[in-house]
$ cat final.cif   # mmCIF, N, CA and C atoms
data_entry
loop_
_atom_site.label_atom_id
_atom_site.label_comp_id
_atom_site.auth_asym_id
_atom_site.auth_seq_id
_atom_site.Cartn_x
_atom_site.Cartn_y
_atom_site.Cartn_z
N LEU A 1 36.88 -45.28 -6.95
CA LEU A 1 35.96 -44.65 -7.89
C LEU A 1 35.01 -43.71 -7.16
N GLY A 2 34.56 -44.08 -5.96
CA GLY A 2 33.64 -43.23 -5.20
C GLY A 2 34.25 -41.89 -4.85
N ILE A 3 35.51 -41.89 -4.42
CA ILE A 3 36.18 -40.64 -4.05
C ILE A 3 36.36 -39.76 -5.28
N MET A 4 36.72 -40.36 -6.41
CA MET A 4 36.89 -39.59 -7.65
C MET A 4 35.56 -38.97 -8.08
N ALA A 5 34.48 -39.72 -7.96
CA ALA A 5 33.17 -39.20 -8.32
C ALA A 5 32.78 -38.06 -7.40
N ASP A 6 33.07 -38.22 -6.10
CA ASP A 6 32.76 -37.16 -5.15
C ASP A 6 33.57 -35.90 -5.44
N GLN A 7 34.83 -36.06 -5.83
CA GLN A 7 35.68 -34.91 -6.15
C GLN A 7 35.16 -34.21 -7.42
N ALA A 8 34.76 -35.00 -8.40
CA ALA A 8 34.21 -34.42 -9.63
C ALA A 8 32.90 -33.69 -9.34
N ALA A 9 32.08 -34.28 -8.49
CA ALA A 9 30.82 -33.65 -8.12
C ALA A 9 31.07 -32.34 -7.38
N TYR A 10 32.03 -32.35 -6.47
CA TYR A 10 32.36 -31.13 -5.72
C TYR A 10 32.88 -30.05 -6.67
N LYS A 11 33.72 -30.43 -7.59
CA LYS A 11 34.27 -29.46 -8.55
C LYS A 11 33.15 -28.84 -9.39
N LEU A 12 32.23 -29.67 -9.85
CA LEU A 12 31.11 -29.16 -10.63
C LEU A 12 30.23 -28.24 -9.79
N ALA A 13 29.91 -28.69 -8.59
CA ALA A 13 29.02 -27.92 -7.72
C ALA A 13 29.61 -26.58 -7.32
N THR A 14 30.91 -26.46 -7.29
CA THR A 14 31.56 -25.20 -6.90
C THR A 14 32.10 -24.44 -8.10
N SER A 15 31.71 -24.83 -9.30
CA SER A 15 32.22 -24.18 -10.51
C SER A 15 31.48 -22.87 -10.82
N ILE A 16 30.40 -22.62 -10.14
CA ILE A 16 29.61 -21.41 -10.38
C ILE A 16 29.64 -20.55 -9.12
N GLU A 17 29.62 -19.25 -9.32
CA GLU A 17 29.66 -18.37 -8.15
C GLU A 17 28.38 -18.50 -7.33
N ASP A 18 28.50 -18.23 -6.04
CA ASP A 18 27.36 -18.25 -5.15
C ASP A 18 26.53 -16.98 -5.33
N LEU A 19 25.33 -17.03 -4.80
CA LEU A 19 24.49 -15.84 -4.75
C LEU A 19 24.67 -15.21 -3.37
N PRO A 20 25.48 -14.18 -3.24
CA PRO A 20 25.74 -13.59 -1.93
C PRO A 20 24.64 -12.60 -1.54
N LEU A 21 23.45 -13.12 -1.28
CA LEU A 21 22.29 -12.26 -1.03
C LEU A 21 21.71 -12.52 0.36
N THR A 22 21.14 -11.47 0.92
CA THR A 22 20.48 -11.62 2.22
C THR A 22 19.08 -12.21 2.02
N SER A 23 18.48 -12.62 3.12
CA SER A 23 17.14 -13.20 3.03
C SER A 23 16.12 -12.18 2.54
N ALA A 24 16.27 -10.91 2.89
CA ALA A 24 15.33 -9.89 2.42
C ALA A 24 15.42 -9.72 0.90
N VAL A 25 16.61 -9.76 0.37
CA VAL A 25 16.80 -9.64 -1.08
C VAL A 25 16.20 -10.85 -1.79
N LEU A 26 16.47 -12.04 -1.27
CA LEU A 26 15.91 -13.25 -1.89
C LEU A 26 14.39 -13.26 -1.79
N THR A 27 13.86 -12.85 -0.65
CA THR A 27 12.42 -12.82 -0.47
C THR A 27 11.77 -11.83 -1.42
N ALA A 28 12.36 -10.67 -1.57
CA ALA A 28 11.81 -9.64 -2.46
C ALA A 28 11.77 -10.10 -3.91
N GLY A 29 12.74 -10.90 -4.32
CA GLY A 29 12.78 -11.34 -5.71
C GLY A 29 12.21 -12.72 -5.96
N ALA A 30 11.78 -13.41 -4.92
CA ALA A 30 11.44 -14.83 -5.03
C ALA A 30 10.36 -15.15 -6.06
N ARG A 31 9.25 -14.43 -6.04
CA ARG A 31 8.16 -14.77 -6.98
C ARG A 31 8.59 -14.60 -8.43
N HIS A 32 9.28 -13.51 -8.70
CA HIS A 32 9.70 -13.24 -10.08
C HIS A 32 10.83 -14.17 -10.50
N MET A 33 11.73 -14.46 -9.58
CA MET A 33 12.80 -15.42 -9.90
C MET A 33 12.21 -16.80 -10.15
N GLY A 34 11.18 -17.16 -9.39
CA GLY A 34 10.52 -18.44 -9.61
C GLY A 34 9.95 -18.55 -11.01
N GLU A 35 9.40 -17.46 -11.49
CA GLU A 35 8.87 -17.45 -12.85
C GLU A 35 10.00 -17.45 -13.88
N PHE A 36 11.01 -16.61 -13.66
CA PHE A 36 12.13 -16.47 -14.58
C PHE A 36 12.88 -17.79 -14.75
N CYS A 37 13.05 -18.53 -13.66
CA CYS A 37 13.85 -19.77 -13.66
C CYS A 37 12.99 -21.03 -13.52
N ALA A 38 11.73 -20.95 -13.89
CA ALA A 38 10.81 -22.08 -13.70
C ALA A 38 11.30 -23.34 -14.40
N LYS A 39 11.76 -23.22 -15.62
CA LYS A 39 12.21 -24.40 -16.38
C LYS A 39 13.39 -25.08 -15.69
N GLU A 40 14.39 -24.29 -15.31
CA GLU A 40 15.58 -24.84 -14.68
C GLU A 40 15.25 -25.49 -13.33
N ASN A 41 14.40 -24.83 -12.55
CA ASN A 41 14.00 -25.38 -11.25
C ASN A 41 13.23 -26.68 -11.42
N LYS A 42 12.33 -26.71 -12.37
CA LYS A 42 11.52 -27.91 -12.60
C LYS A 42 12.40 -29.08 -13.01
N GLU A 43 13.36 -28.84 -13.89
CA GLU A 43 14.26 -29.91 -14.34
C GLU A 43 15.11 -30.44 -13.19
N PHE A 44 15.58 -29.55 -12.33
CA PHE A 44 16.38 -29.97 -11.18
C PHE A 44 15.55 -30.80 -10.21
N LEU A 45 14.35 -30.32 -9.89
CA LEU A 45 13.50 -31.05 -8.94
C LEU A 45 13.05 -32.40 -9.50
N LYS A 46 12.80 -32.46 -10.79
CA LYS A 46 12.43 -33.73 -11.42
C LYS A 46 13.59 -34.71 -11.33
N CYS A 47 14.79 -34.24 -11.60
CA CYS A 47 15.98 -35.08 -11.51
C CYS A 47 16.16 -35.60 -10.09
N LYS A 48 16.02 -34.71 -9.12
CA LYS A 48 16.18 -35.11 -7.72
C LYS A 48 15.12 -36.14 -7.31
N PHE A 49 13.91 -35.95 -7.78
CA PHE A 49 12.84 -36.91 -7.49
C PHE A 49 13.18 -38.27 -8.09
N GLU A 50 13.62 -38.26 -9.33
CA GLU A 50 13.97 -39.52 -10.01
C GLU A 50 15.17 -40.18 -9.36
N ALA A 51 16.04 -39.40 -8.74
CA ALA A 51 17.22 -39.93 -8.05
C ALA A 51 16.91 -40.20 -6.57
N GLN A 52 15.65 -40.20 -6.22
CA GLN A 52 15.18 -40.47 -4.85
C GLN A 52 15.81 -39.52 -3.83
N GLY A 53 15.89 -38.27 -4.21
CA GLY A 53 16.39 -37.25 -3.31
C GLY A 53 17.88 -37.01 -3.34
N ASP A 54 18.62 -37.85 -4.04
CA ASP A 54 20.08 -37.70 -4.11
C ASP A 54 20.41 -36.61 -5.13
N PRO A 55 21.00 -35.50 -4.71
CA PRO A 55 21.28 -34.42 -5.65
C PRO A 55 22.51 -34.66 -6.54
N LYS A 56 23.36 -35.63 -6.20
CA LYS A 56 24.60 -35.81 -6.98
C LYS A 56 24.38 -36.00 -8.48
N PRO A 57 23.42 -36.86 -8.88
CA PRO A 57 23.23 -37.01 -10.33
C PRO A 57 22.68 -35.75 -11.01
N CYS A 58 22.28 -34.78 -10.21
CA CYS A 58 21.60 -33.60 -10.73
C CYS A 58 22.45 -32.33 -10.65
N LEU A 59 23.73 -32.47 -10.41
CA LEU A 59 24.57 -31.30 -10.19
C LEU A 59 24.61 -30.37 -11.40
N GLU A 60 24.63 -30.93 -12.60
CA GLU A 60 24.64 -30.07 -13.78
C GLU A 60 23.36 -29.23 -13.84
N LYS A 61 22.25 -29.86 -13.50
CA LYS A 61 20.99 -29.12 -13.48
C LYS A 61 20.99 -28.08 -12.35
N GLY A 62 21.64 -28.41 -11.23
CA GLY A 62 21.77 -27.46 -10.14
C GLY A 62 22.59 -26.24 -10.53
N VAL A 63 23.63 -26.47 -11.30
CA VAL A 63 24.44 -25.35 -11.81
C VAL A 63 23.59 -24.47 -12.71
N LYS A 64 22.71 -25.07 -13.51
CA LYS A 64 21.82 -24.29 -14.37
C LYS A 64 20.85 -23.44 -13.55
N VAL A 65 20.39 -23.98 -12.42
CA VAL A 65 19.50 -23.22 -11.53
C VAL A 65 20.24 -21.99 -11.00
N THR A 66 21.46 -22.19 -10.51
CA THR A 66 22.24 -21.08 -9.97
C THR A 66 22.58 -20.07 -11.06
N THR A 67 22.95 -20.54 -12.23
CA THR A 67 23.25 -19.66 -13.35
C THR A 67 22.04 -18.81 -13.71
N CYS A 68 20.87 -19.44 -13.72
CA CYS A 68 19.64 -18.71 -14.01
C CYS A 68 19.37 -17.65 -12.94
N ALA A 69 19.55 -18.01 -11.68
CA ALA A 69 19.32 -17.05 -10.60
C ALA A 69 20.28 -15.86 -10.72
N LEU A 70 21.53 -16.12 -11.05
CA LEU A 70 22.49 -15.03 -11.26
C LEU A 70 22.04 -14.12 -12.39
N GLU A 71 21.57 -14.72 -13.48
CA GLU A 71 21.09 -13.94 -14.63
C GLU A 71 19.85 -13.14 -14.25
N PHE A 72 18.96 -13.75 -13.47
CA PHE A 72 17.76 -13.05 -13.03
C PHE A 72 18.13 -11.78 -12.25
N PHE A 73 19.02 -11.91 -11.26
CA PHE A 73 19.38 -10.73 -10.46
C PHE A 73 20.15 -9.71 -11.28
N LYS A 74 20.88 -10.14 -12.28
CA LYS A 74 21.56 -9.20 -13.19
C LYS A 74 20.51 -8.41 -13.97
N GLN A 75 19.54 -9.10 -14.55
CA GLN A 75 18.47 -8.43 -15.30
C GLN A 75 17.64 -7.52 -14.40
N LEU A 76 17.40 -7.98 -13.19
CA LEU A 76 16.64 -7.19 -12.22
C LEU A 76 17.36 -5.88 -11.93
N GLN A 77 18.65 -5.94 -11.68
CA GLN A 77 19.42 -4.73 -11.40
C GLN A 77 19.50 -3.79 -12.60
N GLN A 78 19.56 -4.37 -13.80
CA GLN A 78 19.64 -3.54 -15.00
C GLN A 78 18.32 -2.86 -15.33
N ASN A 79 17.22 -3.45 -14.92
CA ASN A 79 15.91 -2.95 -15.35
C ASN A 79 15.04 -2.35 -14.26
N CYS A 80 15.15 -2.82 -13.05
CA CYS A 80 14.24 -2.38 -11.98
C CYS A 80 14.97 -2.16 -10.66
N ALA A 81 16.18 -1.67 -10.72
CA ALA A 81 17.01 -1.55 -9.51
C ALA A 81 16.37 -0.71 -8.41
N ALA A 82 15.85 0.45 -8.74
CA ALA A 82 15.29 1.33 -7.71
C ALA A 82 14.07 0.70 -7.05
N ALA A 83 13.17 0.14 -7.85
CA ALA A 83 11.96 -0.49 -7.30
C ALA A 83 12.33 -1.71 -6.46
N PHE A 84 13.29 -2.47 -6.93
CA PHE A 84 13.70 -3.66 -6.20
C PHE A 84 14.37 -3.30 -4.88
N THR A 85 15.23 -2.32 -4.91
CA THR A 85 15.91 -1.88 -3.69
C THR A 85 14.89 -1.38 -2.66
N ALA A 86 13.90 -0.61 -3.11
CA ALA A 86 12.87 -0.13 -2.19
C ALA A 86 12.11 -1.30 -1.57
N GLN A 87 11.83 -2.32 -2.36
CA GLN A 87 11.08 -3.47 -1.84
C GLN A 87 11.91 -4.27 -0.83
N TRP A 88 13.15 -4.60 -1.18
CA TRP A 88 13.90 -5.42 -0.22
C TRP A 88 14.23 -4.64 1.04
N LYS A 89 14.46 -3.34 0.92
CA LYS A 89 14.72 -2.54 2.12
C LYS A 89 13.47 -2.48 3.00
N CYS A 90 12.31 -2.34 2.39
CA CYS A 90 11.08 -2.33 3.16
C CYS A 90 10.91 -3.66 3.89
N LEU A 91 11.13 -4.76 3.21
CA LEU A 91 11.03 -6.08 3.85
C LEU A 91 12.04 -6.21 4.98
N ASP A 92 13.24 -5.75 4.73
CA ASP A 92 14.30 -5.85 5.74
C ASP A 92 13.94 -5.05 6.99
N GLU A 93 13.36 -3.88 6.79
CA GLU A 93 13.02 -3.01 7.92
C GLU A 93 11.73 -3.42 8.63
N ASN A 94 10.95 -4.30 8.01
CA ASN A 94 9.65 -4.70 8.55
C ASN A 94 9.56 -6.19 8.82
N ASN A 95 10.69 -6.80 9.18
CA ASN A 95 10.71 -8.21 9.56
C ASN A 95 10.12 -9.11 8.46
N GLN A 96 10.32 -8.70 7.22
CA GLN A 96 9.87 -9.44 6.04
C GLN A 96 8.36 -9.68 6.04
N MET A 97 7.63 -8.72 6.53
CA MET A 97 6.17 -8.79 6.54
C MET A 97 5.65 -8.09 5.29
N PHE A 98 5.22 -8.88 4.31
CA PHE A 98 4.77 -8.32 3.03
C PHE A 98 3.64 -7.32 3.19
N GLU A 99 2.76 -7.56 4.15
CA GLU A 99 1.61 -6.66 4.28
C GLU A 99 2.03 -5.22 4.59
N ARG A 100 3.24 -5.02 5.07
CA ARG A 100 3.73 -3.67 5.35
C ARG A 100 4.46 -3.07 4.15
N CYS A 101 4.60 -3.85 3.09
CA CYS A 101 5.38 -3.41 1.93
C CYS A 101 4.59 -3.51 0.62
N ARG A 102 3.29 -3.46 0.69
CA ARG A 102 2.47 -3.60 -0.52
C ARG A 102 2.70 -2.49 -1.52
N SER A 103 2.92 -1.26 -1.05
CA SER A 103 3.11 -0.15 -2.00
C SER A 103 4.41 -0.32 -2.78
N THR A 104 5.50 -0.70 -2.10
CA THR A 104 6.76 -0.92 -2.82
C THR A 104 6.68 -2.18 -3.67
N GLN A 105 5.94 -3.17 -3.21
CA GLN A 105 5.76 -4.40 -3.99
C GLN A 105 5.01 -4.11 -5.29
N ALA A 106 3.98 -3.26 -5.22
CA ALA A 106 3.20 -2.92 -6.41
C ALA A 106 4.08 -2.24 -7.46
N VAL A 107 4.95 -1.34 -7.02
CA VAL A 107 5.85 -0.65 -7.96
C VAL A 107 6.81 -1.67 -8.59
N LEU A 108 7.37 -2.56 -7.79
CA LEU A 108 8.26 -3.59 -8.32
C LEU A 108 7.52 -4.51 -9.28
N ASP A 109 6.34 -4.96 -8.89
CA ASP A 109 5.56 -5.84 -9.76
C ASP A 109 5.31 -5.20 -11.13
N GLN A 110 4.96 -3.91 -11.11
CA GLN A 110 4.68 -3.22 -12.37
C GLN A 110 5.95 -3.10 -13.22
N CYS A 111 7.08 -2.78 -12.60
CA CYS A 111 8.34 -2.69 -13.33
C CYS A 111 8.72 -4.03 -13.94
N MET A 112 8.57 -5.09 -13.16
CA MET A 112 8.92 -6.43 -13.65
C MET A 112 8.05 -6.81 -14.84
N LEU A 113 6.79 -6.45 -14.78
CA LEU A 113 5.88 -6.74 -15.90
C LEU A 113 6.25 -5.91 -17.12
N ASP A 114 6.47 -4.62 -16.91
CA ASP A 114 6.78 -3.71 -18.02
C ASP A 114 8.13 -4.01 -18.67
N LYS A 115 9.15 -4.25 -17.87
CA LYS A 115 10.51 -4.37 -18.40
C LYS A 115 10.95 -5.81 -18.69
N LEU A 116 10.48 -6.78 -17.90
CA LEU A 116 10.94 -8.17 -18.08
C LEU A 116 9.80 -9.13 -18.41
N ASN A 117 8.61 -8.59 -18.55
CA ASN A 117 7.43 -9.40 -18.87
C ASN A 117 7.22 -10.53 -17.85
N LEU A 118 7.50 -10.24 -16.60
CA LEU A 118 7.30 -11.21 -15.52
C LEU A 118 6.20 -10.68 -14.61
N ASN A 119 5.24 -11.53 -14.31
CA ASN A 119 4.15 -11.09 -13.43
C ASN A 119 4.15 -11.81 -12.10
N GLY A 120 5.18 -12.59 -11.82
CA GLY A 120 5.24 -13.28 -10.55
C GLY A 120 4.23 -14.40 -10.44
N GLN A 121 3.63 -14.77 -11.46
CA GLN A 121 2.59 -15.75 -11.72
C GLN A 121 2.01 -16.53 -10.55
N PHE A 122 2.49 -16.32 -9.36
CA PHE A 122 1.93 -17.01 -8.21
C PHE A 122 0.89 -16.10 -7.58
N LYS A 123 -0.36 -16.42 -7.67
CA LYS A 123 -1.44 -15.55 -7.20
C LYS A 123 -1.60 -15.65 -5.70
N THR A 124 -0.77 -14.91 -4.99
CA THR A 124 -0.85 -14.95 -3.53
C THR A 124 -0.77 -13.56 -2.91
N TYR A 125 -0.35 -12.55 -3.64
CA TYR A 125 -0.13 -11.24 -3.05
C TYR A 125 -1.11 -10.22 -3.62
N ASP A 126 -1.49 -9.27 -2.83
CA ASP A 126 -2.51 -8.30 -3.19
C ASP A 126 -1.94 -7.04 -3.82
N THR A 127 -1.51 -7.15 -5.07
CA THR A 127 -1.15 -5.97 -5.83
C THR A 127 -1.85 -6.11 -7.19
N PRO A 128 -2.02 -5.01 -7.91
CA PRO A 128 -2.78 -5.08 -9.16
C PRO A 128 -2.25 -6.09 -10.18
N THR A 129 -0.94 -6.31 -10.25
CA THR A 129 -0.42 -7.23 -11.27
C THR A 129 -0.26 -8.65 -10.79
N SER A 130 -0.35 -8.90 -9.49
CA SER A 130 -0.15 -10.27 -9.02
C SER A 130 -1.43 -10.95 -8.56
N GLY A 131 -2.48 -10.19 -8.33
CA GLY A 131 -3.75 -10.79 -7.92
C GLY A 131 -3.73 -11.35 -6.52
N SER A 132 -4.77 -12.04 -6.17
CA SER A 132 -4.86 -12.65 -4.85
C SER A 132 -5.64 -13.95 -4.93
N SER A 133 -5.10 -15.00 -4.36
CA SER A 133 -5.80 -16.27 -4.34
C SER A 133 -6.97 -16.22 -3.36
N TYR A 134 -6.99 -15.23 -2.50
CA TYR A 134 -8.07 -15.11 -1.52
C TYR A 134 -9.34 -14.54 -2.13
N ARG A 135 -9.21 -13.81 -3.22
CA ARG A 135 -10.39 -13.20 -3.83
C ARG A 135 -10.82 -13.90 -5.11
N ASP A 136 -9.98 -14.71 -5.68
CA ASP A 136 -10.30 -15.37 -6.96
C ASP A 136 -11.30 -16.49 -6.79
#
$ encode --input "final.cif" --output "structure tokens"
Amino acid sequence: LGIMADQAAYKLATSIEDLPLTSAVLTAGARHMGEFCAKENKEFLKCKFEAQGDPKPCLEKGVKVTTCALEFFKQLQQNCAAAFTAQWKCLDENNQMFERCRSTQAVLDQCMLDKLNLNGQFKTYDTPTSGSSYRD
């Protein structure tokens, strides 16, 4: 029974495509993806906590997290591709140092707010739409 359960878990976990993204791309989209997929992420983490860290009982919720992330990057490309590309390229060229990419971040933040109604809700970065926890 254990081997069958492991095979079923593996099949479920590999039933969704991977996110073939670099760290700069993930970093550039992280705040907005966190907001976009907050419900799915919260449900997965709650399940994992209740399962004492064992992700196996939570694989369906994990698939929902990945599905949401795929949808987020699809929406991002359809709505803010140029601003997003400028931001991740800036991060990639600057060792992922946000302080060197504030101008491209501000443009992306504004596009995300205007087109997807996402403000990155984590108050940690210094752009007009994201605020700063250091000044609040």
$ resolve_selection --input "final.cif" --expression "the PyMOL selection byres ((chain A and resi 83) around 8)" --output "list in words"
Asn79, Cys80, Ala81, Ala82, Phe84, Thr85, Ala86, Gln87, Trp88, Lys89, Thr104, Gln105, Val107, Leu108, Asp109 and Cys111 of chain A
$ atom_distance --input "final.cif" --atom1 "atom CA of Cys68 of chain A" --atom2 "atom CA of Cys101 of chain A"
26.3 Å
$ resolve_selection --input "final.cif" --expression "the PyMOL selection byres (((chain A and resi 33 and name CA) around 10) and name CA)" --output "VMD selection string"
chain A and resid 26 to 32 34 to 38 68 to 73 76 118 120
$ closest_residue --input "final.cif" --among "A:Gly53, A:Asp114, A:Ser23, A:Val65" --to "Gln96 of chain A" --atoms "all atoms listed in the file"
A:Ser23
$ select_by_dssp --input "final.cif" --residues "segment 35-116 of chain A" --states "alpha helix (DSSP H)" --output "number ranges by chain"
A: 35-36, 38-50, 59-93, 102-116
$ atom_distance --input "final.cif" --atom1 "atom CA of Lys39 of chain A" --atom2 "atom CA of Leu19 of chain A"
19.0 Å
$ closest_residue --input "final.cif" --among "A:Gln52, A:Gln75, A:Ser103, A:Thr66" --to "Asn117 of chain A" --atoms "only C-alpha atoms"
A:Gln75
